[in-house]
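Enquirer: Structure file protein.csv (CSV, C-alpha atoms) is given on the next line.
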chain,number,residue,atom,x,y,z
A,1,MET,CA,-21.4,-15.1,-18.8
A,2,ALA,CA,-19.7,-12.1,-17.2
A,3,ASP,CA,-18.5,-12.4,-13.6
A,4,PRO,CA,-21.0,-10.2,-11.7
A,5,ILE,CA,-18.4,-9.3,-9.0
A,6,PHE,CA,-15.9,-7.8,-11.5
A,7,ALA,CA,-18.3,-6.8,-14.4
A,8,ASN,CA,-20.2,-4.3,-12.3
A,9,LEU,CA,-17.1,-2.6,-10.8
A,10,PRO,CA,-16.3,1.0,-11.8
A,11,THR,CA,-12.9,2.0,-13.2
A,12,THR,CA,-10.6,2.5,-10.2
A,13,ILE,CA,-10.2,6.1,-9.0
A,14,PHE,CA,-6.4,5.8,-9.7
A,15,GLU,CA,-7.0,4.9,-13.3
A,16,GLU,CA,-9.7,7.6,-13.7
A,17,MET,CA,-7.6,10.4,-12.3
A,18,SER,CA,-4.4,9.3,-14.1
A,19,GLY,CA,-6.3,9.0,-17.3
A,20,LEU,CA,-7.6,12.6,-16.9
A,21,ALA,CA,-4.1,13.8,-16.1
A,22,ARG,CA,-2.8,12.2,-19.3
A,23,GLU,CA,-5.7,13.5,-21.4
A,24,LEU,CA,-5.6,17.0,-20.0
A,25,GLY,CA,-1.8,17.4,-19.5
A,26,ALA,CA,-2.3,17.9,-15.8
A,27,LEU,CA,0.2,17.4,-13.0
A,28,ASN,CA,-0.4,13.9,-11.6
A,29,LEU,CA,-0.3,14.0,-7.8
A,30,GLY,CA,-3.0,11.2,-7.8
A,31,GLN,CA,-1.4,7.9,-8.6
A,32,GLY,CA,1.5,7.0,-6.2
A,33,PHE,CA,4.7,6.8,-8.3
A,34,PRO,CA,7.9,8.8,-7.8
A,35,ASP,CA,9.6,11.1,-10.4
A,36,ASP,CA,13.0,9.6,-9.3
A,37,PRO,CA,14.0,6.8,-11.6
A,38,GLY,CA,15.2,4.6,-8.7
A,39,PRO,CA,18.7,3.4,-7.7
A,40,GLU,CA,20.9,3.2,-10.8
A,41,ALA,CA,22.9,0.2,-9.5
A,42,VAL,CA,19.7,-1.9,-9.1
A,43,ARG,CA,18.5,-0.9,-12.6
A,44,ALA,CA,21.9,-1.7,-14.1
A,45,LYS,CA,21.8,-5.1,-12.4
A,46,ALA,CA,18.4,-5.8,-14.0
A,47,ALA,CA,19.7,-4.7,-17.5
A,48,ASP,CA,22.8,-6.9,-17.1
A,49,ALA,CA,20.8,-9.9,-16.0
A,50,LEU,CA,18.5,-9.4,-18.9
A,51,LEU,CA,21.3,-9.3,-21.4
A,52,HIS,CA,23.6,-11.9,-19.9
A,53,GLY,CA,21.6,-13.9,-17.5
A,54,TYR,CA,18.9,-16.6,-17.6
A,55,ASN,CA,15.7,-15.6,-19.3
A,56,GLN,CA,13.6,-18.8,-19.1
A,57,TYR,CA,11.1,-19.8,-16.4
A,58,PRO,CA,12.6,-19.4,-12.9
A,59,PRO,CA,11.3,-21.5,-10.0
A,60,MET,CA,7.7,-21.0,-9.2
A,61,ALA,CA,8.3,-19.8,-5.7
A,62,GLY,CA,11.1,-17.4,-6.9
A,63,LEU,CA,14.8,-17.5,-7.3
A,64,PRO,CA,16.6,-18.8,-4.3
A,65,GLU,CA,18.9,-15.8,-4.3
A,66,LEU,CA,15.9,-13.4,-3.9
A,67,ARG,CA,14.1,-15.5,-1.3
A,68,GLN,CA,17.3,-15.7,0.8
A,69,ALA,CA,17.8,-11.9,0.3
A,70,VAL,CA,14.2,-11.2,1.5
A,71,ALA,CA,14.7,-13.3,4.6
A,72,ASP,CA,18.0,-11.7,5.3
A,73,HIS,CA,16.6,-8.2,4.8
A,74,TYR,CA,13.8,-8.8,7.3
A,75,ALA,CA,16.2,-10.3,9.8
A,76,ARG,CA,18.3,-7.2,9.6
A,77,THR,CA,15.6,-4.5,9.6
A,78,GLN,CA,12.7,-6.1,11.5
A,79,GLY,CA,14.2,-8.9,13.6
A,80,LEU,CA,12.2,-11.6,11.9
A,81,ALA,CA,13.7,-15.1,11.5
A,82,LEU,CA,12.3,-16.4,8.2
A,83,ASP,CA,13.4,-19.6,6.5
A,84,TRP,CA,13.8,-18.6,2.9
A,85,ALA,CA,13.1,-22.1,1.6
A,86,SER,CA,9.8,-22.7,3.4
A,87,GLU,CA,8.5,-19.2,4.3
A,88,VAL,CA,9.2,-16.9,1.4
A,89,THR,CA,7.4,-16.8,-2.0
A,90,ILE,CA,8.1,-14.2,-4.7
A,91,THR,CA,5.1,-12.8,-6.6
A,92,SER,CA,4.4,-10.5,-9.5
A,93,GLY,CA,3.8,-7.5,-7.3
A,94,ALA,CA,2.0,-7.1,-4.0
A,95,THR,CA,-1.4,-7.1,-5.6
A,96,GLU,CA,-0.8,-10.6,-6.8
A,97,ALA,CA,0.4,-11.5,-3.4
A,98,LEU,CA,-2.9,-10.2,-2.0
A,99,ALA,CA,-4.8,-12.2,-4.6
A,100,ALA,CA,-2.9,-15.3,-3.7
A,101,ALA,CA,-3.6,-14.8,0.0
A,102,PHE,CA,-7.3,-14.1,-0.5
A,103,LEU,CA,-8.0,-16.7,-3.1
A,104,GLY,CA,-5.8,-19.3,-1.4
A,105,LEU,CA,-7.0,-18.9,2.2
A,106,ILE,CA,-10.5,-17.6,2.3
A,107,GLU,CA,-13.4,-20.0,2.1
A,108,ALA,CA,-17.0,-19.3,1.3
A,109,GLY,CA,-18.7,-17.5,4.2
A,110,ASP,CA,-15.6,-16.5,6.1
A,111,GLU,CA,-15.8,-13.1,7.7
A,112,VAL,CA,-12.9,-10.8,7.0
A,113,VAL,CA,-12.3,-7.7,9.0
A,114,VAL,CA,-11.1,-4.8,6.7
A,115,PHE,CA,-10.2,-1.3,7.7
A,116,GLN,CA,-11.4,1.5,5.5
A,117,PRO,CA,-10.2,3.7,3.7
A,118,VAL,CA,-9.2,0.6,1.8
A,119,TYR,CA,-6.9,-0.2,-1.2
A,120,ASP,CA,-9.4,-0.8,-4.0
A,121,ALA,CA,-8.2,-4.4,-4.8
A,122,TYR,CA,-9.2,-5.8,-1.3
A,123,LEU,CA,-12.9,-6.0,-1.4
A,124,PRO,CA,-13.5,-7.4,-4.9
A,125,LEU,CA,-10.9,-10.2,-4.3
A,126,ILE,CA,-12.2,-11.0,-0.9
A,127,ARG,CA,-15.7,-11.4,-2.3
A,128,ARG,CA,-14.5,-13.4,-5.3
A,129,ALA,CA,-13.0,-15.8,-2.8
A,130,GLY,CA,-16.4,-16.1,-1.1
A,131,GLY,CA,-15.4,-13.9,1.9
A,132,VAL,CA,-17.8,-11.6,3.7
A,133,PRO,CA,-16.1,-8.2,4.5
A,134,LYS,CA,-16.7,-6.6,7.9
A,135,LEU,CA,-15.8,-3.0,7.6
A,136,VAL,CA,-14.1,-0.9,10.3
A,137,ARG,CA,-14.3,2.8,9.6
A,138,LEU,CA,-11.1,4.9,10.3
A,139,SER,CA,-11.4,8.6,10.5
A,140,PRO,CA,-9.1,11.6,10.2
A,141,PRO,CA,-7.0,13.1,11.6
A,142,HIS,CA,-5.6,10.1,13.5
A,143,TRP,CA,-7.0,7.2,11.4
A,144,ARG,CA,-6.6,4.7,14.3
A,145,PHE,CA,-8.8,1.9,15.7
A,146,ASP,CA,-9.6,1.2,19.3
A,147,ARG,CA,-10.9,-1.7,21.4
A,148,ALA,CA,-14.5,-0.8,21.0
A,149,MET,CA,-14.2,-0.8,17.2
A,150,LEU,CA,-12.6,-4.2,17.2
A,151,GLU,CA,-15.1,-5.6,19.6
A,152,ALA,CA,-17.9,-4.5,17.2
A,153,ALA,CA,-16.1,-6.1,14.2
A,154,PHE,CA,-14.7,-9.4,15.5
A,155,SER,CA,-16.9,-12.5,16.3
A,156,GLU,CA,-16.7,-16.3,16.3
A,157,ARG,CA,-17.3,-16.1,12.5
A,158,THR,CA,-14.2,-14.0,11.9
A,159,ARG,CA,-11.5,-15.9,10.1
A,160,PHE,CA,-9.2,-13.2,8.7
A,161,VAL,CA,-8.2,-9.5,9.2
A,162,VAL,CA,-6.5,-7.4,6.6
A,163,LEU,CA,-4.1,-4.8,7.9
A,164,ASN,CA,-2.3,-2.1,5.9
A,165,THR,CA,0.5,-0.4,7.8
A,166,PRO,CA,1.9,2.1,7.1
A,167,ILE,CA,-1.6,3.1,6.1
A,168,ASN,CA,-2.4,4.3,2.5
A,169,PRO,CA,-3.9,6.9,2.2
A,170,ALA,CA,-3.6,8.1,5.8
A,171,GLY,CA,0.2,8.1,6.0
A,172,VAL,CA,0.0,6.6,9.6
A,173,VAL,CA,2.5,4.2,10.9
A,174,LEU,CA,0.6,2.2,13.5
A,175,PRO,CA,2.2,2.3,17.0
A,176,GLU,CA,3.1,-0.7,19.1
A,177,ALA,CA,0.0,-0.3,21.2
A,178,ASP,CA,-2.4,-0.7,18.2
A,179,LEU,CA,-0.5,-3.8,17.0
A,180,THR,CA,-0.7,-5.4,20.4
A,181,LEU,CA,-4.4,-4.7,20.6
A,182,LEU,CA,-5.0,-6.2,17.2
A,183,ALA,CA,-2.9,-9.2,18.0
A,184,GLU,CA,-4.9,-9.8,21.1
A,185,PHE,CA,-8.1,-10.1,19.0
A,186,CYS,CA,-6.4,-12.3,16.4
A,187,VAL,CA,-5.3,-14.8,19.1
A,188,ARG,CA,-8.6,-14.6,21.0
A,189,TYR,CA,-10.7,-15.4,17.9
A,190,ASP,CA,-8.1,-17.7,16.1
A,191,VAL,CA,-7.8,-15.2,13.2
A,192,THR,CA,-5.2,-15.1,10.5
A,193,ALA,CA,-3.8,-11.6,9.6
A,194,ILE,CA,-3.1,-10.7,6.1
A,195,CYS,CA,-0.7,-7.7,6.4
A,196,ASP,CA,-0.1,-5.4,3.5
A,197,GLU,CA,3.2,-3.8,4.5
A,198,VAL,CA,4.4,-2.5,1.2
A,199,TRP,CA,5.3,1.0,2.6
A,200,GLU,CA,7.5,-0.5,5.4
A,201,GLN,CA,10.7,1.2,4.1
A,202,VAL,CA,9.0,4.5,3.4
A,203,VAL,CA,8.7,6.0,6.9
A,204,PHE,CA,9.9,9.2,8.4
A,205,SER,CA,9.5,11.8,11.2
A,206,GLY,CA,11.1,9.3,13.6
A,207,ALA,CA,8.4,6.7,13.1
A,208,VAL,CA,9.4,3.0,13.1
A,209,HIS,CA,7.5,0.3,11.2
A,210,ARG,CA,6.9,-2.8,13.3
A,211,PRO,CA,5.4,-5.9,11.6
A,212,LEU,CA,2.3,-7.5,13.2
A,213,MET,CA,4.1,-10.9,12.7
A,214,ALA,CA,6.5,-10.0,15.5
A,215,GLN,CA,3.7,-9.7,18.1
A,216,PRO,CA,3.2,-12.5,20.6
A,217,GLY,CA,1.1,-15.3,19.2
A,218,MET,CA,1.2,-13.9,15.6
A,219,ARG,CA,4.2,-15.7,14.0
A,220,GLU,CA,2.2,-18.7,12.8
A,221,ARG,CA,-1.0,-16.8,12.0
A,222,THR,CA,0.4,-13.9,9.9
A,223,VAL,CA,0.9,-13.4,6.1
A,224,LYS,CA,3.3,-10.6,5.6
A,225,ILE,CA,3.3,-8.9,2.1
A,226,GLY,CA,6.2,-6.6,0.9
A,227,SER,CA,6.9,-4.8,-2.3
A,228,ALA,CA,10.3,-4.2,-4.1
A,229,GLY,CA,8.5,-1.6,-6.2
A,230,LYS,CA,7.8,0.6,-3.1
A,231,MET,CA,11.2,-0.2,-1.5
A,232,PHE,CA,13.2,1.0,-4.5
A,233,GLY,CA,10.8,3.4,-6.1
A,234,LEU,CA,10.4,1.1,-9.1
A,235,THR,CA,6.6,0.7,-9.1
A,236,GLY,CA,6.5,-0.7,-12.6
A,237,TRP,CA,8.6,-3.7,-11.8
A,238,LYS,CA,5.9,-5.5,-9.9
A,239,VAL,CA,8.0,-7.8,-7.6
A,240,GLY,CA,6.3,-8.7,-4.4
A,241,PHE,CA,7.1,-10.9,-1.4
A,242,LEU,CA,4.8,-13.3,0.5
A,243,CYS,CA,6.1,-14.3,3.9
A,244,ALA,CA,4.4,-16.8,6.2
A,245,ALA,CA,4.8,-19.9,8.3
A,246,PRO,CA,5.3,-23.1,6.3
A,247,ALA,CA,1.8,-24.4,6.6
A,248,LEU,CA,0.4,-21.1,5.3
A,249,THR,CA,3.1,-20.7,2.6
A,250,ARG,CA,2.3,-24.1,1.1
A,251,THR,CA,-1.3,-22.9,0.4
A,252,LEU,CA,-0.1,-19.4,-0.7
A,253,ALA,CA,2.4,-20.9,-3.2
A,254,ARG,CA,-0.3,-23.2,-4.7
A,255,ALA,CA,-2.5,-20.2,-5.3
A,256,HIS,CA,0.4,-18.2,-6.7
A,257,GLN,CA,1.3,-20.9,-9.2
A,258,PHE,CA,-2.1,-20.6,-10.8
A,259,LEU,CA,-2.1,-16.8,-10.9
A,260,THR,CA,1.2,-15.6,-12.5
A,261,PHE,CA,3.3,-18.7,-11.7
A,262,THR,CA,6.5,-16.7,-11.7
A,263,THR,CA,8.1,-13.3,-12.1
A,264,PRO,CA,10.8,-12.1,-14.6
A,265,PRO,CA,14.2,-13.5,-13.5
A,266,ASN,CA,16.2,-10.4,-14.3
A,267,LEU,CA,14.1,-8.3,-12.0
A,268,GLN,CA,14.3,-10.9,-9.3
A,269,MET,CA,18.2,-10.9,-9.6
A,270,ALA,CA,18.2,-7.1,-9.4
A,271,VAL,CA,16.0,-6.9,-6.4
A,272,ALA,CA,18.1,-9.5,-4.6
A,273,PHE,CA,21.2,-7.3,-5.3
A,274,GLY,CA,19.3,-4.3,-4.1
A,275,LEU,CA,18.3,-5.9,-0.8
A,276,GLU,CA,21.9,-7.1,-0.2
A,277,THR,CA,23.6,-3.9,-1.0
A,278,GLY,CA,21.0,-1.2,-0.4
A,279,ALA,CA,21.8,0.1,3.1
A,280,ASP,CA,22.7,3.5,1.8
A,281,TRP,CA,19.5,3.7,-0.4
A,282,PHE,CA,17.3,2.7,2.5
A,283,ALA,CA,18.8,5.4,4.7
A,284,ALA,CA,18.7,8.2,2.0
A,285,MET,CA,15.4,7.4,0.3
A,286,PRO,CA,13.1,8.3,3.2
A,287,ARG,CA,15.1,11.5,4.0
A,288,GLY,CA,14.6,12.7,0.4
A,289,LEU,CA,10.9,11.9,0.5
A,290,GLU,CA,10.6,13.6,3.9
A,291,ARG,CA,12.0,16.8,2.4
A,292,SER,CA,9.5,16.5,-0.5
A,293,ARG,CA,6.7,16.0,2.0
A,294,ASP,CA,7.8,19.1,4.0
A,295,ARG,CA,8.1,21.2,0.9
A,296,LEU,CA,4.6,20.4,-0.3
A,297,ALA,CA,3.1,20.8,3.2
A,298,ALA,CA,4.8,24.2,3.7
A,299,GLY,CA,3.6,25.4,0.3
A,300,LEU,CA,0.1,24.4,1.0
A,301,ALA,CA,0.1,25.9,4.5
A,302,ARG,CA,1.3,29.2,3.0
A,303,GLU,CA,-1.8,29.2,0.8
A,304,GLY,CA,-4.0,28.6,3.7
A,305,PHE,CA,-4.7,24.8,3.3
A,306,ALA,CA,-5.1,22.6,6.3
A,307,VAL,CA,-2.6,19.7,6.0
A,308,LEU,CA,-2.8,16.4,8.0
A,309,PRO,CA,0.4,14.9,9.3
A,310,ALA,CA,2.1,12.1,7.4
A,311,GLN,CA,4.5,9.6,8.9
A,312,GLY,CA,5.0,7.4,5.9
A,313,THR,CA,4.0,6.4,2.3
A,314,TYR,CA,4.2,8.9,-0.6
A,315,PHE,CA,1.0,10.7,0.5
A,316,LEU,CA,-0.1,13.9,2.2
A,317,ASN,CA,-3.8,14.7,2.9
A,318,LEU,CA,-5.6,17.9,2.7
A,319,ASP,CA,-8.6,18.6,4.9
A,320,LEU,CA,-10.9,20.5,2.4
A,321,ALA,CA,-13.5,21.6,4.9
A,322,ALA,CA,-10.8,23.1,7.2
A,323,SER,CA,-9.2,24.7,4.2
A,324,GLY,CA,-12.4,26.7,3.4
A,325,ILE,CA,-13.7,24.4,0.7
A,326,ASP,CA,-17.3,23.3,1.0
A,327,GLU,CA,-17.3,20.9,-2.0
A,328,PRO,CA,-17.1,17.2,-1.5
A,329,ASP,CA,-13.7,15.7,-2.2
A,330,ARG,CA,-14.6,14.0,-5.4
A,331,ALA,CA,-16.2,17.2,-6.8
A,332,PHE,CA,-13.2,19.3,-5.9
A,333,ALA,CA,-10.8,16.7,-7.3
A,334,LEU,CA,-12.6,16.7,-10.6
A,335,ARG,CA,-12.6,20.5,-10.6
A,336,ALA,CA,-8.9,20.6,-9.8
A,337,VAL,CA,-7.8,18.3,-12.6
A,338,LYS,CA,-10.2,19.7,-15.3
A,339,GLU,CA,-10.0,23.4,-14.4
A,340,ALA,CA,-6.7,23.9,-12.7
A,341,GLY,CA,-4.6,21.1,-14.1
A,342,VAL,CA,-3.6,19.0,-11.1
A,343,ALA,CA,-4.8,15.4,-10.4
A,344,SER,CA,-5.4,14.1,-6.9
A,345,ILE,CA,-7.3,11.3,-5.2
A,346,PRO,CA,-10.6,11.9,-3.3
A,347,VAL,CA,-10.3,9.7,-0.2
A,348,SER,CA,-14.0,9.0,-0.2
A,349,ALA,CA,-13.4,6.7,-3.2
A,350,LEU,CA,-11.5,4.4,-0.8
A,351,TYR,CA,-14.6,3.8,1.4
A,352,GLU,CA,-17.4,1.4,0.6
A,353,ALA,CA,-19.7,2.6,3.4
A,354,ALA,CA,-20.1,5.9,5.3
A,355,PRO,CA,-17.2,7.6,3.4
A,356,VAL,CA,-15.2,10.5,4.8
A,357,THR,CA,-15.9,13.2,2.1
A,358,HIS,CA,-13.6,16.1,2.9
A,359,ILE,CA,-10.1,14.6,2.5
A,360,LEU,CA,-7.9,14.9,-0.6
A,361,ARG,CA,-4.8,12.7,-1.1
A,362,LEU,CA,-1.7,14.1,-2.8
A,363,CYS,CA,1.4,12.3,-3.9
A,364,PHE,CA,4.6,14.2,-2.8
A,365,ALA,CA,7.1,11.9,-4.4
A,366,LYS,CA,7.7,14.5,-7.2
A,367,ARG,CA,10.3,17.0,-8.2
A,368,ASP,CA,10.4,20.3,-6.4
A,369,ALA,CA,9.2,22.2,-9.4
A,370,VAL,CA,6.2,19.9,-9.8
A,371,LEU,CA,5.2,20.3,-6.1
A,372,ASP,CA,5.5,24.1,-6.3
A,373,GLU,CA,3.4,24.3,-9.4
A,374,ALA,CA,0.8,21.9,-7.8
A,375,VAL,CA,0.4,24.2,-4.9
A,376,GLU,CA,-0.4,27.2,-7.2
A,377,ARG,CA,-2.8,25.1,-9.1
A,378,LEU,CA,-4.6,23.8,-6.0
A,379,ALA,CA,-4.9,27.4,-4.8
A,380,LYS,CA,-6.5,28.3,-8.2
A,381,ALA,CA,-8.9,25.3,-7.8
A,382,ARG,CA,-10.0,26.5,-4.4
A,383,GLU,CA,-10.7,30.0,-5.8
A,384,LEU,CA,-12.7,28.4,-8.6
A,385,SER,CA,-14.6,26.3,-6.1
A,386,ARG,CA,-15.5,29.4,-4.0
A,387,ALA,CA,-16.7,31.2,-7.1
A,388,ARG,CA,-18.9,28.5,-8.4
Mind turning this structure into structure tokens?
Expert:
Amino acid sequence: MADPIFANLPTTIFEEMSGLARELGALNLGQGFPDDPGPEAVRAKAADALLHGYNQYPPMAGLPELRQAVADHYARTQGLALDWASEVTITSGATEALAAAFLGLIEAGDEVVVFQPVYDAYLPLIRRAGGVPKLVRLSPPHWRFDRAMLEAAFSERTRFVVLNTPINPAGVVLPEADLTLLAEFCVRYDVTAICDEVWEQVVFSGAVHRPLMAQPGMRERTVKIGSAGKMFGLTGWKVGFLCAAPALTRTLARAHQFLTFTTPPNLQMAVAFGLETGADWFAAMPRGLERSRDRLAAGLAREGFAVLPAQGTYFLNLDLAASGIDEPDRAFALRAVKEAGVASIPVSALYEAAPVTHILRLCFAKRDAVLDEAVERLAKARELSRAR
């Protein structure tokens, strides 16, 4: 018998828009992947490890070399003291890490606070685990929560909160004050935080990513999730990190062993190498993306579009209503891909309730020529919208 939770779900907006882009030959500024092939030295290490290294099952929790490299990386960049042997697990991507956290920790009836717009994997997995999502609605242009919003969402039934920072699709890097506020609620209600921090290296404009785990009272009650795919712009590699205190890690690892069990050893070796030697990459990569962000934003502004600020991730948002477009975001996104040849993501698709319907997400991790052409095509789509 079909699983009703998954059987009734629509195709994700990312697959829908990318499928239309492939079918129609459109520019794909929808799905978040870069044009840049990623650091050559890391790719060369993966190829060498594939040809000359070990290609049988690696340890379930991940190669010791990578787990140590993850712990060392977070010590250097975020001041976290993680024990690689008892607090780090390697997963087949961050989505698998999320699945291990949700399926391994949530019990039937547990309330889970979730901020929307929301990555589309969260809610189906939470419900599959038996959790009850409690939605907190974030709104443009600031996309931040406050004390009143948390007071309305947290209760004695709350067991978990899911936090994504930097926030996709908002492009916001949460400031210290917001993290301190959320930590206060987690401690007050004895809540475990599951933190999706895959964009932690992709920040700019002087913003600094700070992990919730570093807040007072959060070290033992936080699951921190990272992504080598986002760190190195190698989204197809699907190498993720689960970091948590030993008691949590024991449960997370047991869930992981029954999901993918392990991750290709050559990719693990390459990611370990990248984390150990990647200081130059981690400095240069955000600067390159910031230039691309600024190029797209400037081009859109010249065409009269209203652009929201972006401190991190690969994404820039357009305010359609402020840009003179009175169509809902999904209708405009479909018009743009079908009639003007540029794919985007309507942010309303990332809400389950009370969606914001006038924001369009664009991926700027593309070549200059692609960004420039996308601006022209979006201007065409706006004219077609006005003439409808």
Enquirer: Restricting the calculation to only C-alpha atoms, which member of A:Arg144, A:Lys45, A:Arg221, A:His256 is positioned closest to Ile90 (chain A)?
Expert: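 Result for the nearest residue to Ile90 (chain A): A:His256.
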Enquirer: Report the distance between CA of His209 (chain A) and CA of Ser92 (chain A) in Å, rounded to one decimal place.
Expert: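 According to the coordinates, CA of His209 (chain A) and CA of Ser92 (chain A) are separated by 23.6 Å.
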Enquirer: Of the candidates A:Glu107, A:Glu220, A:Glu197, A:Asp36, which shows the shortest atom-to-atom distance to Glu87 (chain A), using all atoms listed in the file?
Expert: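 Selected residue with least distance to Glu87 (chain A): A:Glu220.
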Enquirer: In terms of the shortest atom-to-atom distance over all atoms listed in the file, which of A:Ile106, A:Leu212, A:Ala97, A:Ala297 is closest to Ala177 (chain A)?
Expert: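 Nearest candidate to Ala177 (chain A) out of A:Ile106, A:Leu212, A:Ala97, A:Ala297: A:Leu212.
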Enquirer: Considering only C-alpha atoms, return as a PDB file with C-alpha atoms, in the coordinates of the input whatever protein or nucleic-acid residues lie within 9 Å of Val136 (chain A), sequence-local ones (same chain, fewer than 3 positions apart) excluded.
Expert:
ATOM      1  CA  VAL A 113     -12.300  -7.700   9.000  1.00  0.00           C
ATOM      2  CA  VAL A 114     -11.100  -4.800   6.700  1.00  0.00           C
ATOM      3  CA  PHE A 115     -10.200  -1.300   7.700  1.00  0.00           C
ATOM      4  CA  GLN A 116     -11.400   1.500   5.500  1.00  0.00           C
ATOM      5  CA  PRO A 117     -10.200   3.700   3.700  1.00  0.00           C
ATOM      6  CA  PHE A 145      -8.800   1.900  15.700  1.00  0.00           C
ATOM      7  CA  MET A 149     -14.200  -0.800  17.200  1.00  0.00           C
ATOM      8  CA  LEU A 150     -12.600  -4.200  17.200  1.00  0.00           C
ATOM      9  CA  ALA A 152     -17.900  -4.500  17.200  1.00  0.00           C
ATOM     10  CA  ALA A 153     -16.100  -6.100  14.200  1.00  0.00           C
TER      11      ALA A 153
END
Enquirer: Give me the residues near Leu179 (chain A) as a ChimeraX atom specification, where near means some atom within 12 Å (using all atoms listed in the file) and where sequence neighbours in that chain fewer than 4 positions away do not count.
Expert: /A:144-147,163-166,173-175,183-186,193,195,209-218
Enquirer: Write out as a list in words the residues lying within 7 Å of region 119-133 of chain A, counting all atoms listed in the file and excluding same-chain residues fewer than 6 positions away.
Expert: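 That gives Ile5, Ala99, Phe102, Leu103, Ile106, Glu107, Ala108, Gly109, Asp110, Glu111, Val112, Val113 and Leu350 of chain A.
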Enquirer: Measure the distance from CA of Val161 (chain A) to CA of Gln201 (chain A) in Å and round it to one decimal.
Expert: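 Going from CA of Val161 (chain A) over to CA of Gln201 (chain A) covers 22.3 Å.
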Enquirer: Skip region 75-77 of chain A itself and residues of its chain fewer than 3 positions away, then list as a VMD selection string all residues within 10 Å of it, counting only C-alpha atoms.
Expert: chain A and resid 69 to 72 80 to 82 200 to 201 209 to 210
Enquirer: May I ask for the distance between CA of Gly32 (chain A) and CA of Val198 (chain A), given in Å to one decimal place?
Expert: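 These atoms are spaced 12.4 Å apart.
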Enquirer: List as a PyMOL selection string the protein and nucleic acid residues near Thr235 (chain A), meaning an atom at most 10 Å away when only C-alpha atoms are counted, but skip any in the same chain fewer than 3 places from it.
Expert: chain A and resi 32-34+37-38+93+227-232+238-239
Enquirer: Which one is closest to Arg382 (chain A): A:Ser323, A:Ser348, A:Gln257, A:Ser18? Count all atoms listed in the file.
Expert: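 Of A:Ser323, A:Ser348, A:Gln257, A:Ser18, the one nearest Arg382 (chain A) is A:Ser323, counting all atoms listed in the file.
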